[in-house]
Amino acid sequence: MRVRVFASLLGLVVAFGILASTALADATPVQLVLIYMPNVSNTGTPTASGIAELVMPEGEVRINAADLPRLDSEKQYVAWVINTETNDFQRLAAFNTAESSKTVHYETVLPDAIPNRHWNLLLVTVEDSGQAARPSSQHSIAGVFPSPDNAPLPIVLPNTGGGDDVVVSGQWSVVSWAERLSNPGLATLTLGLGAVAGYVVGRRHALRPQTTDD
């Protein structure tokens, strides 16, 4: 039963990707599976997961996530793209989740295109405000950008929830920072990303059907 559900989800994602590619022509979406990553995530929510889709030239951002506890007061989840080699980063979105379902469906179009700075990580952090100028040390779910050496999306996709979801839209000012980060939590990402990539690739291989020769 679970296999059929995951297969259906995969079919929907593939179909959506085909339609989006057709509609957007040269603007090819980048899809990232967001998971609670070892050596990166530290907010104590290991079941959290999601899917992010970016259309870089158009500045389009879509994030679906589940099992993220709703934040109190003015706190917000903020999504960033990061180059862990140069410590460049850019803010993409700020959102909260529905209290009843712990899910969010977020989408927006930024005022400008997302520049190509060889981003290799999308990181969701917990911030005191949606207007945070730089990523905090509270790291939630994250996803590794695809590269020529990476396989396609894994067969088993994360549960992005359903029911009483929060649908968020709006425009947020984009913050870029060229200097290296002084945040000690982000300083560990460069070392941790290699382990994360291995973890994700290992999960993909484990999920692939095994075949034997007669």
# chains A, B, ... in the order shown; residues from 1 in each chain; ligands from 1

call {"tool": "select_by_dssp", "arguments": {"residues": "region 11-118 of chain A", "states": "helix (DSSP H, G or I)", "output": "ChimeraX atom specification"}}
result
/A:11-24,56-58

call {"tool": "atom_distance", "arguments": {"atom1": "CA of Gly59 (chain A)", "atom2": "CA of Thr108 (chain A)"}}
result
8.3 Å

call {"tool": "closest_residue", "arguments": {"among": "A:Ile35, A:Val78, A:Ala94, A:Ile114", "to": "Glu58 (chain A)", "atoms": "only C-alpha atoms"}}
result
A:Ile114

call {"tool": "residues_around", "arguments": {"residues": "Ala52 (chain A)", "least_positions_apart": "6", "cutoff": "8 Å", "atoms": "only C-alpha atoms", "output": "list in words"}}
result
Gln31, Leu32, Val33, Leu34, Val61, Arg62, Ile63 and Asn64 of chain A

call {"tool": "residues_around", "arguments": {"residues": "Thr125 (chain A)", "least_positions_apart": "3", "cutoff": "6 Å", "atoms": "only C-alpha atoms", "output": "PyMOL selection string"}}
result
chain A and resi 77-78+138-140

call {"tool": "write_last_selection", "arguments": {"atoms": "N, CA and C atoms", "output": "short mmCIF file (atom, residue, chain, number, x, y, z; two decimals), in the first residue's frame"}}
result
data_model
loop_
_atom_site.label_atom_id
_atom_site.label_comp_id
_atom_site.auth_asym_id
_atom_site.auth_seq_id
_atom_site.Cartn_x
_atom_site.Cartn_y
_atom_site.Cartn_z
N TYR A 77 10.08 30.28 9.81
CA TYR A 77 11.03 29.47 9.04
C TYR A 77 11.48 30.31 7.86
N VAL A 78 12.78 30.33 7.60
CA VAL A 78 13.32 31.09 6.47
C VAL A 78 14.15 30.15 5.61
N GLN A 138 20.11 27.75 13.96
CA GLN A 138 19.04 26.77 14.12
C GLN A 138 18.64 26.23 12.73
N HIS A 139 19.17 25.08 12.39
CA HIS A 139 19.01 24.51 11.05
C HIS A 139 17.93 23.44 11.05
N SER A 140 16.91 23.63 10.24
CA SER A 140 15.85 22.64 10.11
C SER A 140 16.15 21.74 8.91
#

call {"tool": "decode", "arguments": {"residues": "region 74-96 of chain A", "atoms": "N, CA and C atoms", "output": "PDB file, in the first residue's frame"}}
result
ATOM      1  N   GLU A  74       6.823  35.827  16.910  1.00  0.00           N
ATOM      2  CA  GLU A  74       7.200  36.373  15.606  1.00  0.00           C
ATOM      3  C   GLU A  74       8.149  35.460  14.829  1.00  0.00           C
ATOM      4  N   LYS A  75       8.466  34.300  15.377  1.00  0.00           N
ATOM      5  CA  LYS A  75       9.431  33.420  14.725  1.00  0.00           C
ATOM      6  C   LYS A  75       8.895  32.910  13.396  1.00  0.00           C
ATOM      7  N   GLN A  76       9.826  32.688  12.465  1.00  0.00           N
ATOM      8  CA  GLN A  76       9.479  32.206  11.133  1.00  0.00           C
ATOM      9  C   GLN A  76      10.523  31.200  10.664  1.00  0.00           C
ATOM     10  N   TYR A  77      10.085  30.279   9.807  1.00  0.00           N
ATOM     11  CA  TYR A  77      11.028  29.470   9.040  1.00  0.00           C
ATOM     12  C   TYR A  77      11.483  30.314   7.858  1.00  0.00           C
ATOM     13  N   VAL A  78      12.784  30.327   7.599  1.00  0.00           N
ATOM     14  CA  VAL A  78      13.320  31.092   6.473  1.00  0.00           C
ATOM     15  C   VAL A  78      14.152  30.146   5.608  1.00  0.00           C
ATOM     16  N   ALA A  79      13.903  30.175   4.305  1.00  0.00           N
ATOM     17  CA  ALA A  79      14.638  29.335   3.358  1.00  0.00           C
ATOM     18  C   ALA A  79      15.734  30.149   2.692  1.00  0.00           C
ATOM     19  N   TRP A  80      16.916  29.556   2.619  1.00  0.00           N
ATOM     20  CA  TRP A  80      18.094  30.210   2.032  1.00  0.00           C
ATOM     21  C   TRP A  80      18.727  29.274   1.007  1.00  0.00           C
ATOM     22  N   VAL A  81      19.328  29.841  -0.037  1.00  0.00           N
ATOM     23  CA  VAL A  81      20.245  29.087  -0.872  1.00  0.00           C
ATOM     24  C   VAL A  81      21.655  29.479  -0.449  1.00  0.00           C
ATOM     25  N   ILE A  82      22.539  28.486  -0.386  1.00  0.00           N
ATOM     26  CA  ILE A  82      23.872  28.699   0.165  1.00  0.00           C
ATOM     27  C   ILE A  82      24.915  28.034  -0.722  1.00  0.00           C
ATOM     28  N   ASN A  83      26.029  28.710  -0.912  1.00  0.00           N
ATOM     29  CA  ASN A  83      27.222  28.101  -1.475  1.00  0.00           C
ATOM     30  C   ASN A  83      28.163  27.854  -0.308  1.00  0.00           C
ATOM     31  N   THR A  84      28.293  26.608   0.108  1.00  0.00           N
ATOM     32  CA  THR A  84      29.069  26.307   1.307  1.00  0.00           C
ATOM     33  C   THR A  84      30.577  26.442   1.083  1.00  0.00           C
ATOM     34  N   GLU A  85      30.997  26.543  -0.179  1.00  0.00           N
ATOM     35  CA  GLU A  85      32.419  26.744  -0.450  1.00  0.00           C
ATOM     36  C   GLU A  85      32.819  28.204  -0.257  1.00  0.00           C
ATOM     37  N   THR A  86      31.942  29.117  -0.667  1.00  0.00           N
ATOM     38  CA  THR A  86      32.260  30.551  -0.578  1.00  0.00           C
ATOM     39  C   THR A  86      31.538  31.235   0.583  1.00  0.00           C
ATOM     40  N   ASN A  87      30.557  30.519   1.188  1.00  0.00           N
ATOM     41  CA  ASN A  87      29.706  31.078   2.250  1.00  0.00           C
ATOM     42  C   ASN A  87      28.797  32.200   1.745  1.00  0.00           C
ATOM     43  N   ASP A  88      28.595  32.301   0.434  1.00  0.00           N
ATOM     44  CA  ASP A  88      27.569  33.196  -0.091  1.00  0.00           C
ATOM     45  C   ASP A  88      26.200  32.618   0.254  1.00  0.00           C
ATOM     46  N   PHE A  89      25.238  33.475   0.484  1.00  0.00           N
ATOM     47  CA  PHE A  89      23.884  33.004   0.718  1.00  0.00           C
ATOM     48  C   PHE A  89      22.882  34.052   0.265  1.00  0.00           C
ATOM     49  N   GLN A  90      21.652  33.599   0.073  1.00  0.00           N
ATOM     50  CA  GLN A  90      20.576  34.489  -0.333  1.00  0.00           C
ATOM     51  C   GLN A  90      19.269  34.006   0.274  1.00  0.00           C
ATOM     52  N   ARG A  91      18.521  34.919   0.815  1.00  0.00           N
ATOM     53  CA  ARG A  91      17.235  34.579   1.403  1.00  0.00           C
ATOM     54  C   ARG A  91      16.189  34.442   0.301  1.00  0.00           C
ATOM     55  N   LEU A  92      15.359  33.392   0.413  1.00  0.00           N
ATOM     56  CA  LEU A  92      14.330  33.135  -0.586  1.00  0.00           C
ATOM     57  C   LEU A  92      12.915  33.355  -0.065  1.00  0.00           C
ATOM     58  N   ALA A  93      12.646  32.938   1.170  1.00  0.00           N
ATOM     59  CA  ALA A  93      11.270  32.912   1.636  1.00  0.00           C
ATOM     60  C   ALA A  93      11.211  32.839   3.147  1.00  0.00           C
ATOM     61  N   ALA A  94      10.111  33.291   3.713  1.00  0.00           N
ATOM     62  CA  ALA A  94       9.824  33.149   5.135  1.00  0.00           C
ATOM     63  C   ALA A  94       8.386  32.680   5.284  1.00  0.00           C
ATOM     64  N   PHE A  95       8.149  31.748   6.190  1.00  0.00           N
ATOM     65  CA  PHE A  95       6.818  31.173   6.323  1.00  0.00           C
ATOM     66  C   PHE A  95       6.674  30.520   7.688  1.00  0.00           C
ATOM     67  N   ASN A  96       5.455  30.169   8.039  1.00  0.00           N
ATOM     68  CA  ASN A  96       5.158  29.375   9.219  1.00  0.00           C
ATOM     69  C   ASN A  96       4.246  28.242   8.774  1.00  0.00           C
TER      70      ASN A  96
END
